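Asker: The file below is run33.txt, compact mmCIF, C-alpha atoms:
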# COMPACT_ATOMS: atom_id res chain seq x y z
CA MET A 1475 41.70 4.44 -0.16
CA ASN A 1476 39.24 1.55 -0.36
CA GLU A 1477 39.34 1.19 3.43
CA ILE A 1478 38.48 4.88 3.86
CA GLY A 1479 35.63 4.53 1.40
CA GLU A 1480 34.23 1.56 3.33
CA LYS A 1481 34.44 3.52 6.61
CA ARG A 1482 32.60 6.45 5.07
CA LYS A 1483 29.98 4.09 3.72
CA GLY A 1484 29.54 2.62 7.19
CA ARG A 1485 29.08 6.09 8.70
CA ALA A 1486 26.64 7.21 5.99
CA ARG A 1487 23.06 7.79 7.03
CA PRO A 1488 20.82 4.83 6.15
CA LEU A 1489 18.56 6.98 3.99
CA GLY A 1490 21.60 8.12 2.04
CA ARG A 1491 22.73 4.52 1.72
CA VAL A 1492 19.34 3.55 0.32
CA LEU A 1493 19.46 6.31 -2.28
CA GLY A 1494 23.09 5.46 -3.00
CA ASP A 1495 22.28 1.81 -3.68
CA ARG A 1496 21.73 1.31 -7.42
CA ALA A 1497 19.16 -1.49 -7.04
CA ALA A 1498 17.13 0.48 -4.49
CA ARG A 1499 17.36 3.66 -6.53
CA LEU A 1500 16.18 1.98 -9.72
CA TYR A 1501 13.36 0.23 -7.94
CA LEU A 1502 12.15 3.48 -6.35
CA THR A 1503 12.28 5.11 -9.78
CA GLY A 1504 10.01 2.36 -11.09
CA VAL A 1505 7.65 2.92 -8.17
CA VAL A 1506 7.48 6.66 -8.89
CA VAL A 1507 6.82 6.16 -12.60
CA SER A 1508 4.21 3.40 -12.34
CA GLY A 1509 2.70 4.89 -9.16
CA PHE A 1510 1.98 8.18 -10.89
CA GLY A 1511 0.08 6.51 -13.71
CA SER A 1512 -1.79 4.12 -11.40
CA SER A 1513 -2.87 6.83 -8.93
CA ALA A 1514 -4.13 8.97 -11.81
CA MET A 1515 -6.01 6.05 -13.36
CA TRP A 1516 -7.63 4.78 -10.18
CA LEU A 1517 -9.34 8.10 -9.47
CA THR A 1518 -10.22 8.70 -13.11
CA ALA A 1519 -11.91 5.28 -13.40
CA GLY A 1520 -14.65 6.32 -10.97
CA ILE A 1521 -15.14 9.71 -12.62
CA TRP A 1522 -15.25 8.03 -16.03
CA ALA A 1523 -17.86 5.45 -14.97
CA LYS A 1524 -20.00 8.17 -13.37
CA SER A 1525 -19.82 10.32 -16.50
CA LEU A 1526 -20.78 7.46 -18.82
CA THR A 1527 -23.64 6.00 -16.77
CA GLY A 1528 -24.74 8.77 -14.42
CA SER A 1529 -24.71 6.18 -11.62
CA SER A 1530 -22.82 6.76 -8.36
CA THR A 1531 -23.14 3.04 -7.60
CA THR A 1532 -21.36 2.16 -10.83
CA ALA A 1533 -18.63 4.66 -10.00
CA ALA A 1534 -18.17 3.09 -6.55
CA LEU A 1535 -17.94 -0.37 -8.11
CA THR A 1536 -14.75 0.66 -9.91
CA VAL A 1537 -13.01 0.65 -6.52
CA PHE A 1538 -14.43 -2.80 -5.78
CA ALA A 1539 -13.18 -4.09 -9.15
CA LEU A 1540 -9.67 -2.92 -8.33
CA TRP A 1541 -9.69 -4.43 -4.83
CA ALA A 1542 -11.57 -7.69 -5.55
CA PRO A 1543 -8.47 -9.65 -6.70
CA THR A 1544 -6.95 -9.11 -3.25
CA LEU A 1545 -9.42 -11.74 -1.99
CA VAL A 1546 -7.42 -14.38 -3.90
CA GLY A 1547 -4.06 -12.83 -3.04
CA PRO A 1548 -2.44 -16.11 -1.87
CA VAL A 1549 -3.21 -17.75 -5.23
CA LEU A 1550 -1.93 -14.80 -7.25
CA GLY A 1551 1.10 -14.34 -5.01
CA ALA A 1552 2.21 -17.91 -5.67
CA VAL A 1553 2.97 -16.85 -9.26
CA ALA A 1554 5.81 -14.68 -7.90
CA ASP A 1555 7.43 -17.76 -6.34
CA ARG A 1556 7.24 -19.97 -9.42
CA VAL A 1557 9.11 -17.78 -11.87
CA ARG A 1558 12.03 -15.36 -11.65
CA ARG A 1559 10.75 -12.10 -10.21
CA ARG A 1560 12.55 -9.47 -12.29
CA PRO A 1561 11.39 -10.90 -15.65
CA LEU A 1562 7.91 -11.22 -14.13
CA LEU A 1563 7.88 -7.52 -13.22
CA VAL A 1564 9.11 -6.51 -16.68
CA GLY A 1565 6.59 -8.74 -18.44
CA SER A 1566 3.62 -7.74 -16.27
CA ASN A 1567 4.30 -4.04 -16.82
CA LEU A 1568 4.50 -4.58 -20.58
CA ALA A 1569 1.27 -6.61 -20.48
CA MET A 1570 -0.52 -3.85 -18.57
CA ALA A 1571 0.59 -1.26 -21.11
CA ALA A 1572 -1.06 -3.37 -23.83
CA LEU A 1573 -4.13 -4.14 -21.71
CA LEU A 1574 -4.96 -0.46 -21.28
CA LEU A 1575 -5.29 0.11 -25.02
CA PRO A 1576 -8.92 -1.21 -25.25
CA LEU A 1577 -9.92 1.66 -22.95
CA LEU A 1578 -9.38 3.98 -25.90
CA ALA A 1579 -12.62 2.54 -27.33
CA VAL A 1580 -14.74 3.28 -24.23
CA ASP A 1581 -16.98 6.12 -25.39
CA GLY A 1582 -20.42 5.31 -24.02
CA ALA A 1583 -22.41 3.50 -21.33
CA GLY A 1584 -22.68 0.42 -23.55
CA ARG A 1585 -18.93 -0.09 -23.38
CA VAL A 1586 -18.38 0.55 -19.69
CA TRP A 1587 -17.98 -3.22 -19.26
CA ILE A 1588 -14.59 -2.87 -20.97
CA LEU A 1589 -13.52 -0.49 -18.21
CA PHE A 1590 -14.53 -2.99 -15.51
CA ALA A 1591 -12.82 -5.91 -17.27
CA VAL A 1592 -9.59 -3.93 -17.47
CA LEU A 1593 -9.86 -2.85 -13.82
CA LEU A 1594 -10.24 -6.46 -12.63
CA VAL A 1595 -7.09 -7.50 -14.48
CA TYR A 1596 -5.42 -4.30 -13.26
CA GLY A 1597 -6.12 -5.27 -9.66
CA ALA A 1598 -4.94 -8.87 -10.17
CA ASN A 1599 -1.74 -7.65 -11.80
CA GLY A 1600 -1.19 -5.31 -8.85
CA VAL A 1601 -1.32 -8.23 -6.40
CA VAL A 1602 1.19 -10.23 -8.44
CA GLN A 1603 3.49 -7.23 -8.84
CA ASP A 1604 3.39 -6.37 -5.14
CA ALA A 1605 4.34 -9.95 -4.25
CA ALA A 1606 7.17 -10.02 -6.80
CA GLU A 1607 8.45 -6.60 -5.74
CA THR A 1608 8.45 -7.53 -2.04
CA ALA A 1609 10.47 -10.67 -2.74
CA LEU A 1610 12.82 -8.99 -5.21
CA VAL A 1611 13.57 -6.10 -2.84
CA ALA A 1612 14.36 -8.52 0.00
CA LYS A 1613 17.00 -10.08 -2.27
CA ALA A 1614 18.38 -6.91 -3.87
CA VAL A 1615 18.51 -4.52 -0.89
CA ASP A 1616 20.70 -4.88 2.20
CA ARG A 1617 18.71 -6.47 5.04
CA GLU A 1618 19.68 -3.63 7.39
CA LEU A 1619 18.16 -1.09 5.01
CA LEU A 1620 14.81 -2.81 4.43
CA ALA A 1621 12.92 -0.68 6.96
CA ASP A 1622 14.38 2.54 5.51
CA PHE A 1623 13.60 1.34 2.00
CA ASN A 1624 9.99 0.39 2.82
CA GLY A 1625 9.46 3.70 4.58
CA LEU A 1626 10.89 5.60 1.62
CA ARG A 1627 8.71 3.58 -0.73
CA MET A 1628 5.65 4.57 1.31
CA THR A 1629 6.75 8.21 1.19
CA VAL A 1630 7.02 8.00 -2.58
CA ASN A 1631 3.64 6.29 -2.93
CA GLU A 1632 1.88 8.79 -0.68
CA GLY A 1633 3.56 11.66 -2.49
CA MET A 1634 2.19 10.33 -5.77
CA LYS A 1635 -1.30 10.14 -4.24
CA LEU A 1636 -1.10 13.85 -3.44
CA VAL A 1637 -0.17 14.85 -6.98
CA ALA A 1638 -1.28 12.21 -9.49
CA PRO A 1639 -5.07 12.16 -8.82
CA LEU A 1640 -5.28 15.91 -9.41
CA ALA A 1641 -3.30 15.54 -12.62
CA GLY A 1642 -5.52 12.65 -13.73
CA ALA A 1643 -8.72 14.57 -12.99
CA GLY A 1644 -7.37 17.58 -14.88
CA MET A 1645 -6.46 15.44 -17.90
CA TYR A 1646 -9.88 13.79 -17.83
CA ALA A 1647 -11.64 17.15 -17.76
CA ARG A 1648 -9.56 18.41 -20.69
CA TRP A 1649 -9.11 15.36 -22.94
CA GLY A 1650 -11.26 12.53 -21.52
CA GLY A 1651 -10.54 9.12 -20.04
CA ALA A 1652 -8.67 7.81 -23.07
CA ALA A 1653 -5.88 10.35 -22.45
CA VAL A 1654 -5.43 9.14 -18.86
CA ALA A 1655 -5.37 5.51 -20.05
CA ALA A 1656 -2.69 6.41 -22.61
CA LEU A 1657 -0.64 8.16 -19.89
CA ASP A 1658 -0.92 5.10 -17.65
CA ALA A 1659 0.18 2.82 -20.51
CA VAL A 1660 3.28 4.96 -21.06
CA THR A 1661 4.17 4.82 -17.36
CA PHE A 1662 3.91 1.01 -17.44
CA LEU A 1663 6.28 0.92 -20.41
CA LEU A 1664 8.77 3.15 -18.63
CA ALA A 1665 8.52 1.11 -15.43
CA ALA A 1666 9.22 -2.09 -17.39
CA GLY A 1667 12.41 -0.52 -18.73
CA VAL A 1668 13.50 0.59 -15.25
CA PHE A 1669 12.84 -2.82 -13.62
CA ALA A 1670 14.83 -4.50 -16.40
CA LEU A 1671 17.90 -2.57 -15.19
CA VAL A 1672 17.66 -3.61 -11.50
CA PRO A 1673 20.92 -5.47 -10.75
CA VAL A 1674 19.91 -8.71 -9.04
CA ARG A 1675 20.96 -12.29 -9.66
CA GLU A 1676 18.12 -14.80 -9.46
CA GLU A 1677 18.33 -18.57 -9.50
CA ARG A 1678 15.87 -20.50 -11.60
CA PRO A 1679 13.01 -21.50 -9.23
CA GLY A 1680 13.55 -24.91 -7.68
CA GLY A 1681 11.27 -27.42 -5.98
CA ALA A 1682 10.85 -25.41 -2.76
CA ARG A 1683 9.39 -22.52 -4.71
CA ARG A 1684 6.74 -24.83 -6.11
CA ALA A 1685 5.25 -25.58 -2.70
CA GLY A 1686 1.49 -25.30 -2.29
CA THR A 1687 -0.40 -22.03 -2.35
CA ALA A 1688 -1.37 -22.46 1.32
CA GLU A 1689 2.30 -22.44 2.34
CA GLY A 1690 2.16 -18.67 2.69
CA ALA A 1691 -0.69 -18.85 5.21
CA ARG A 1692 1.08 -21.65 7.12
CA THR A 1693 4.27 -19.61 7.25
CA LEU A 1694 2.47 -16.58 8.66
CA TRP A 1695 0.50 -18.55 11.23
CA ALA A 1696 3.51 -20.51 12.44
CA SER A 1697 5.61 -17.40 13.04
CA PRO A 1698 5.34 -15.83 16.52
CA VAL A 1699 6.81 -12.66 15.01
CA LEU A 1700 4.55 -12.30 11.96
CA ARG A 1701 1.22 -13.62 13.21
CA PRO A 1702 0.52 -10.85 15.79
CA LEU A 1703 1.77 -8.11 13.47
CA VAL A 1704 -0.38 -9.17 10.52
CA LEU A 1705 -3.49 -9.84 12.63
CA ALA A 1706 -3.10 -6.49 14.40
CA GLY A 1707 -2.54 -4.81 11.04
CA GLY A 1708 -5.76 -6.32 9.66
CA ALA A 1709 -7.73 -5.20 12.72
CA THR A 1710 -6.26 -1.70 12.45
CA MET A 1711 -7.11 -1.49 8.75
CA LEU A 1712 -10.67 -2.58 9.56
CA CYS A 1713 -10.90 0.40 11.93
CA ALA A 1714 -9.38 2.57 9.20
CA GLY A 1715 -12.14 1.51 6.80
CA LEU A 1716 -14.84 2.47 9.29
CA ASN A 1717 -13.11 5.78 9.92
CA GLY A 1718 -12.79 6.52 6.21
CA ALA A 1719 -16.48 5.82 5.59
CA ALA A 1720 -17.38 8.43 8.23
CA LEU A 1721 -15.29 11.20 6.67
CA TYR A 1722 -18.04 12.96 4.72
CA ALA A 1723 -20.41 12.76 7.69
CA VAL A 1724 -17.73 14.47 9.79
CA VAL A 1725 -17.29 17.20 7.19
CA ASP A 1726 -21.03 17.80 6.92
CA GLU A 1727 -22.44 17.11 10.38
CA ARG A 1728 -19.57 18.03 12.69
CA LEU A 1729 -17.71 20.74 10.78
CA GLY A 1730 -20.55 22.21 8.71
CA ARG A 1731 -18.29 22.35 5.67
CA PRO A 1732 -19.00 21.55 2.00
CA PRO A 1733 -17.96 18.09 0.71
CA ALA A 1734 -14.89 19.56 -1.02
CA PHE A 1735 -13.34 20.14 2.42
CA ALA A 1736 -12.75 16.39 2.56
CA GLY A 1737 -10.01 16.97 0.00
CA VAL A 1738 -8.20 19.21 2.48
CA LEU A 1739 -8.39 16.51 5.16
CA TYR A 1740 -7.15 13.87 2.71
CA ALA A 1741 -4.21 16.11 1.79
CA VAL A 1742 -3.26 16.63 5.46
CA GLN A 1743 -3.48 12.88 6.04
CA GLY A 1744 -1.26 12.32 3.00
CA VAL A 1745 1.37 14.69 4.40
CA GLY A 1746 1.30 12.72 7.66
CA SER A 1747 1.86 9.47 5.73
CA VAL A 1748 4.81 11.00 3.86
CA ALA A 1749 6.36 11.92 7.22
CA ALA A 1750 5.66 8.42 8.57
CA GLY A 1751 7.57 6.90 5.68
CA LEU A 1752 10.63 9.03 6.39
CA LEU A 1753 10.54 8.22 10.12
CA ALA A 1754 9.89 4.49 9.80
CA GLY A 1755 13.45 3.38 9.11
CA PRO A 1756 15.15 5.28 11.98
CA LEU A 1757 12.43 4.27 14.46
CA LEU A 1758 12.47 0.59 13.48
CA ARG A 1759 16.20 0.51 14.19
CA ARG A 1760 15.55 1.76 17.73
CA LEU A 1761 12.30 -0.03 18.55
CA PRO A 1762 11.05 -3.61 18.20
CA ALA A 1763 8.60 -3.99 15.32
CA ARG A 1764 5.71 -4.69 17.70
CA THR A 1765 6.43 -1.58 19.78
CA PHE A 1766 6.67 0.60 16.67
CA ALA A 1767 3.42 -0.82 15.27
CA ALA A 1768 1.65 -0.46 18.63
CA ALA A 1769 2.72 3.18 18.99
CA GLY A 1770 1.49 4.02 15.50
CA THR A 1771 -1.82 2.22 16.08
CA ALA A 1772 -2.32 4.09 19.37
CA LEU A 1773 -1.73 7.43 17.63
CA PHE A 1774 -4.20 6.41 14.92
CA ALA A 1775 -6.77 5.41 17.57
CA LEU A 1776 -6.52 8.70 19.45
CA SER A 1777 -6.74 10.67 16.21
CA VAL A 1778 -9.91 8.84 15.15
CA GLY A 1779 -11.55 9.72 18.46
CA LEU A 1780 -10.40 13.33 18.11
CA ARG A 1781 -12.15 13.53 14.74
CA ALA A 1782 -15.54 13.49 16.49
CA LEU A 1783 -14.98 17.01 17.86
CA PRO A 1784 -16.66 19.86 15.90
CA TYR A 1785 -13.58 22.01 15.25
CA ASP A 1786 -11.55 22.55 12.11
CA VAL A 1787 -8.27 22.58 14.01
CA THR A 1788 -8.95 19.22 15.68
CA ALA A 1789 -10.10 17.74 12.37
CA LEU A 1790 -6.83 18.82 10.73
CA ALA A 1791 -4.77 17.52 13.66
CA ALA A 1792 -6.68 14.23 13.54
CA GLY A 1793 -6.02 13.89 9.81
CA ALA A 1794 -2.29 14.41 10.34
CA GLY A 1795 -2.29 11.93 13.25
CA ILE A 1796 -4.11 9.29 11.22
CA GLY A 1797 -1.67 9.74 8.35
CA LEU A 1798 1.30 9.52 10.69
CA GLY A 1799 0.11 6.57 12.79
CA LEU A 1800 -1.68 4.24 10.36
CA PRO A 1801 1.31 3.36 8.12
CA CYS A 1802 3.42 2.20 11.09
CA VAL A 1803 1.79 -1.21 11.43
CA LEU A 1804 1.93 -1.71 7.64
CA VAL A 1805 5.64 -0.92 7.36
CA ALA A 1806 6.43 -3.03 10.44
CA ALA A 1807 4.50 -6.02 9.07
CA LEU A 1808 5.98 -5.78 5.55
CA THR A 1809 9.55 -5.38 6.77
CA SER A 1810 9.15 -8.30 9.18
CA VAL A 1811 7.79 -10.51 6.39
CA GLN A 1812 10.82 -9.69 4.24
CA ARG A 1813 13.21 -10.43 7.11
CA GLU A 1814 11.58 -13.58 8.49
CA VAL A 1815 10.28 -15.52 5.48
CA PRO A 1816 12.48 -17.76 3.29
CA ASP A 1817 12.89 -16.59 -0.29
CA ALA A 1818 11.25 -19.72 -1.71
CA VAL A 1819 7.82 -18.81 -0.29
CA LEU A 1820 8.20 -15.06 0.15
CA GLY A 1821 5.95 -14.08 -2.77
CA ARG A 1822 2.89 -16.05 -1.64
CA THR A 1823 3.49 -15.14 2.01
CA ALA A 1824 3.66 -11.43 1.17
CA ALA A 1825 0.47 -11.71 -0.89
CA THR A 1826 -1.29 -13.59 1.93
CA ALA A 1827 -0.23 -10.86 4.36
CA GLY A 1828 -1.57 -8.27 1.90
CA THR A 1829 -4.93 -10.03 1.79
CA LEU A 1830 -5.16 -10.17 5.60
CA LEU A 1831 -4.15 -6.52 5.88
CA PHE A 1832 -6.24 -4.89 3.17
CA VAL A 1833 -9.39 -6.96 2.70
CA PRO A 1834 -10.72 -5.90 6.14
CA ASN A 1835 -10.27 -2.29 5.09
CA ALA A 1836 -12.34 -2.77 1.92
CA LEU A 1837 -15.08 -4.68 3.76
CA ALA A 1838 -15.21 -2.13 6.58
CA THR A 1839 -15.57 0.72 4.12
CA GLY A 1840 -18.82 -0.82 2.88
CA LEU A 1841 -19.99 -1.63 6.40
CA GLY A 1842 -19.11 1.87 7.56
CA ALA A 1843 -21.15 3.42 4.75
CA ALA A 1844 -24.19 1.60 6.14
CA LEU A 1845 -23.41 2.38 9.79
CA VAL A 1846 -23.03 6.11 9.17
CA GLY A 1847 -26.68 6.19 8.09
CA TRP A 1848 -28.00 5.22 11.51
CA VAL A 1849 -25.17 5.68 14.05
CA ASP A 1850 -24.13 9.23 14.96
CA VAL A 1851 -20.45 9.85 14.21
CA ARG A 1852 -20.11 11.28 17.73
CA VAL A 1853 -20.71 7.71 18.91
CA LEU A 1854 -19.21 5.75 16.02
CA LEU A 1855 -15.78 7.38 15.90
CA PRO A 1856 -14.98 7.08 19.63
CA LEU A 1857 -16.01 3.40 19.46
CA VAL A 1858 -13.74 2.83 16.46
CA GLY A 1859 -10.92 4.65 18.24
CA ALA A 1860 -11.43 2.50 21.34
CA GLY A 1861 -11.27 -0.64 19.22
CA ALA A 1862 -8.00 0.47 17.62
CA LEU A 1863 -6.61 1.37 21.05
CA ALA A 1864 -7.40 -2.15 22.26
CA VAL A 1865 -5.41 -3.52 19.29
CA ALA A 1866 -2.48 -1.25 20.18
CA THR A 1867 -2.60 -2.38 23.82
CA ALA A 1868 -2.56 -6.06 22.84
CA LEU A 1869 0.32 -5.50 20.45
CA ALA A 1870 2.34 -3.58 23.05
CA ARG A 1871 2.43 -6.56 25.38
CA PRO A 1872 5.74 -8.46 25.30
CA ALA A 1873 5.75 -11.42 22.97
CA PRO A 1874 5.38 -14.70 24.88
CA VAL A 1875 8.60 -16.69 25.21
CA ARG A 1876 8.21 -20.23 23.90
CA ARG A 1877 9.53 -23.03 26.08
CA GLY A 1878 12.68 -24.54 24.71
CA ALA A 1879 13.46 -21.45 22.65
Could you rewrite the structure in this file as structure tokens?
Answerer:
Amino acid sequence: MNEIGEKRKGRARPLGRVLGDRAARLYLTGVVVSGFGSSAMWLTAGIWAKSLTGSSTTAALTVFALWAPTLVGPVLGAVADRVRRRPLLVGSNLAMAALLLPLLAVDGAGRVWILFAVLLVYGANGVVQDAAETALVAKAVDRELLADFNGLRMTVNEGMKLVAPLAGAGMYARWGGAAVAALDAVTFLLAAGVFALVPVREERPGGARRAGTAEGARTLWASPVLRPLVLAGGATMLCAGLNGAALYAVVDERLGRPPAFAGVLYAVQGVGSVAAGLLAGPLLRRLPARTFAAAGTALFALSVGLRALPYDVTALAAGAGIGLGLPCVLVAALTSVQREVPDAVLGRTAATAGTLLFVPNALATGLGAALVGWVDVRVLLPLVGAGALAVATALARPAPVRRGA
């Protein structure tokens, strides 16, 4: 009977095996719970700051406060290598639940500094948690299922981004920012309980885990597998930042639509990202990581160029293509990091990869906001698409074979 059960397990679809794995299932539950609260809070923070101060600049700075800790990702990621990861996840979620409580006192422009202080710690905690989660998953989930798991995680995250911001905005309109902060605190408490149940055995960190912070960067640079994927991912995310900054100009100047139509394009892009997450696992089993990442980047590049056309149907198709293509390089890079990097330095290496992938996006968003003011999107978007296509072409080339390998 046991032999039959093992054969059935071997024939089971990988996605079913992921959902059937208790560790993976619990972890995804934690992602759903905490992701809902975080997505609701991140949007609400900007609305809250705008309402209190009347300043659009202050509202935009909430996004910067959340992303700023990524600049020191390698330092923060090292924390995930120096302690056991599951207790770290439980403790950090409990700490965030407590940290959100001061937001209940934010009731005027004079106290908006409390909001920014909380957001900075929120962003730093997110970097540490991402590093710990990446390392913990690599230990708890079957290596063969990592691509399916990472794709499913992206599907869950993107699904939350479609639902949670609307819920957060609705709660803010009805009960104010304090209600959204309280909701987020509850989701952190629930996530802490879920992560505490993840069945994984961890050794107490030894000397190798206490290597220098720069070990993550050295590991990435020395790897012929990881270096091109992470560098290409950073370049692609830079193009994504420029593309995102041009969205409202496209809606206004090319489509002649009101600003609210951007929400429709965001939703279509989100649906594309959900589909990309479901397809990532099966495709990464059939294609090399570089080929998969290159194909997704090429689709993203063509979709960005298509966005310059003045038609609703092409704008919707471009949004879906961007959502479908952009996540490919991210999933390929993350899965390769989990497969290639030793456990002792996996936390800081994952955080370093996160910095190289996402900081260009944040910087390009600001640069793009300036460029849109004096470069026509009919010129800007094809140039951005051409840049992304060059990245895809470079990534599609066969990896060089080292002598003596």
Asker: Would you compute the distance between atom CA of A:Ala1719 and atom CA of A:Ala1844? Give it in Å to one decimal.
Answerer: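 Rounded to one decimal, the two atoms are 8.8 Å apart.
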Asker: Step by step: start from the point (-12.2, 21.1, 5.2) in the file's coordinates, keep every protein, DNA or RNA residue that has an atom no farther than 9 Å from it, count all atoms listed in the file, and write the set as a ChimeraX atom specification.
Answerer: /A:1725,1729,1731-1739,1786,1789-1790
Asker: Would you pick out the contacts of stretch 1698-1710 of chain A at 6 Å or less, using all atoms listed in the file, so that residues sharing its chain but fewer than 5 positions from it are not included, and give the list as a ChimeraX atom specification?
Answerer: /A:1803,1807,1830-1831,1862
Asker: Show me, as a list of chain:residue names, the residues that have an atom within 12 Å of A:Leu1783 when counting all atoms listed in the file, minus same-chain residues fewer than 3 positions from it.
Answerer: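 Residues near the query, excluding close chain neighbours: A:Val1724, A:Val1725, A:Glu1727, A:Arg1728, A:Leu1729, A:Gly1730, A:Leu1776, A:Ser1777, A:Val1778, A:Gly1779, A:Leu1780, A:Asp1786, A:Val1787, A:Thr1788, A:Ala1789, A:Leu1790, A:Ala1791, A:Ala1792, A:Val1851, A:Arg1852, A:Val1853, A:Leu1855, A:Pro1856.
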Asker: Pick from A:Leu1594, A:Arg1813, A:Gln1743, A:Gly1582: nearest to A:Leu1545, with only C-alpha atoms counted?
Answerer: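 Once distances to A:Leu1545 are computed over only C-alpha atoms, the minimum belongs to A:Leu1594.
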Asker: Give me, as a tab-separated table, each residue of stretch 1500-1580 of chain A that comes within 12 Å of stretch 1668-1680 of chain A, together with its shortest interatomic pair and the distance in Å at one decimal, counting only C-alpha atoms, with rows ordered by chain and rising residue number.
Answerer:
residue	atom	partner	partner_atom	distance
A:Leu1500	CA	A:Val1672	CA	6.1
A:Tyr1501	CA	A:Phe1669	CA	6.5
A:Leu1502	CA	A:Val1668	CA	9.5
A:Thr1503	CA	A:Val1668	CA	7.2
A:Gly1504	CA	A:Val1668	CA	5.7
A:Val1505	CA	A:Phe1669	CA	9.5
A:Val1506	CA	A:Val1668	CA	10.7
A:Val1507	CA	A:Val1668	CA	9.1
A:Ser1508	CA	A:Val1668	CA	10.1
A:Ala1552	CA	A:Pro1679	CA	11.9
A:Val1553	CA	A:Pro1679	CA	11.1
A:Ala1554	CA	A:Pro1679	CA	10.0
A:Asp1555	CA	A:Pro1679	CA	7.3
A:Arg1556	CA	A:Pro1679	CA	6.0
A:Val1557	CA	A:Pro1679	CA	6.0
A:Arg1558	CA	A:Arg1678	CA	6.4
A:Arg1559	CA	A:Glu1676	CA	7.9
A:Arg1560	CA	A:Phe1669	CA	6.8
A:Pro1561	CA	A:Ala1670	CA	7.3
A:Leu1562	CA	A:Phe1669	CA	9.8
A:Leu1563	CA	A:Phe1669	CA	6.8
A:Val1564	CA	A:Ala1670	CA	6.1
A:Gly1565	CA	A:Ala1670	CA	9.5
A:Ser1566	CA	A:Phe1669	CA	10.8
A:Asn1567	CA	A:Phe1669	CA	9.2
A:Leu1568	CA	A:Phe1669	CA	11.0
Asker: By how many Å are atom CA of A:Ala1838 and atom CA of A:Gly1859 apart?
Answerer: 14.2 Å
Asker: Please provide the set of residues having any atom within 9 Å of A:Phe1832, restricted to only C-alpha atoms, with same-chain residues fewer than 4 positions apart removed, written as a PyMOL selection string.
Answerer: chain A and resi 1541+1544+1707-1708+1711-1712+1827-1828+1836-1837
Asker: In Å, how far is it from atom CA of A:Leu1841 to atom CA of A:Leu1694?
Answerer: 27.1 Å
Asker: Leaving out A:Gly1755 and any residue of its chain fewer than 4 positions from it, which residues lie within 12 Å of it when counting only C-alpha atoms, given as a CSV table (one decimal) with C-alpha atoms, in the coordinates of the input?
Answerer:
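See selection-v2.csv below for the written result:
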chain,number,residue,atom,x,y,z
A,1487,ARG,CA,23.1,7.8,7.0
A,1488,PRO,CA,20.8,4.8,6.2
A,1489,LEU,CA,18.6,7.0,4.0
A,1490,GLY,CA,21.6,8.1,2.0
A,1491,ARG,CA,22.7,4.5,1.7
A,1492,VAL,CA,19.3,3.6,0.3
A,1617,ARG,CA,18.7,-6.5,5.0
A,1618,GLU,CA,19.7,-3.6,7.4
A,1619,LEU,CA,18.2,-1.1,5.0
A,1620,LEU,CA,14.8,-2.8,4.4
A,1621,ALA,CA,12.9,-0.7,7.0
A,1622,ASP,CA,14.4,2.5,5.5
A,1623,PHE,CA,13.6,1.3,2.0
A,1624,ASN,CA,10.0,0.4,2.8
A,1625,GLY,CA,9.5,3.7,4.6
A,1626,LEU,CA,10.9,5.6,1.6
A,1627,ARG,CA,8.7,3.6,-0.7
A,1628,MET,CA,5.6,4.6,1.3
A,1629,THR,CA,6.8,8.2,1.2
A,1749,ALA,CA,6.4,11.9,7.2
A,1750,ALA,CA,5.7,8.4,8.6
A,1751,GLY,CA,7.6,6.9,5.7
A,1759,ARG,CA,16.2,0.5,14.2
A,1760,ARG,CA,15.6,1.8,17.7
A,1761,LEU,CA,12.3,0.0,18.6
A,1762,PRO,CA,11.0,-3.6,18.2
A,1763,ALA,CA,8.6,-4.0,15.3
A,1766,PHE,CA,6.7,0.6,16.7
A,1802,CYS,CA,3.4,2.2,11.1
A,1805,VAL,CA,5.6,-0.9,7.4
A,1806,ALA,CA,6.4,-3.0,10.4
A,1809,THR,CA,9.6,-5.4,6.8
Asker: Using all atoms listed in the file, which of the listed residues (A:Ala1519, A:Ala1843, A:Ala1614, A:Ala1598) sits closest to A:Ala1653?
Answerer: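 Closest to A:Ala1653, using all atoms listed in the file: A:Ala1519.
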Asker: I need the residue nearest A:Val1592 from this list: A:Leu1857, A:Leu1526, A:Thr1532, A:Met1515. Use only C-alpha atoms for the distance.
Answerer: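 Among A:Leu1857, A:Leu1526, A:Thr1532, A:Met1515, it is A:Met1515 that comes nearest to A:Val1592.
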Asker: For a quick check of understanding, using all atoms listed in the file, which of A:Ala1775, A:Ala1782, A:Leu1800, A:Ala1794 has the smallest distance to A:Val1865?
Answerer: A:Ala1775
Asker: Using all atoms listed in the file and a cutoff of 9 Å, can you tell me which residues are near (-14.0, -2.6, -15.0) in the file's coordinates, and write them out as number ranges by chain?
Answerer: A: 1519, 1523, 1535-1536, 1539-1540, 1586-1596
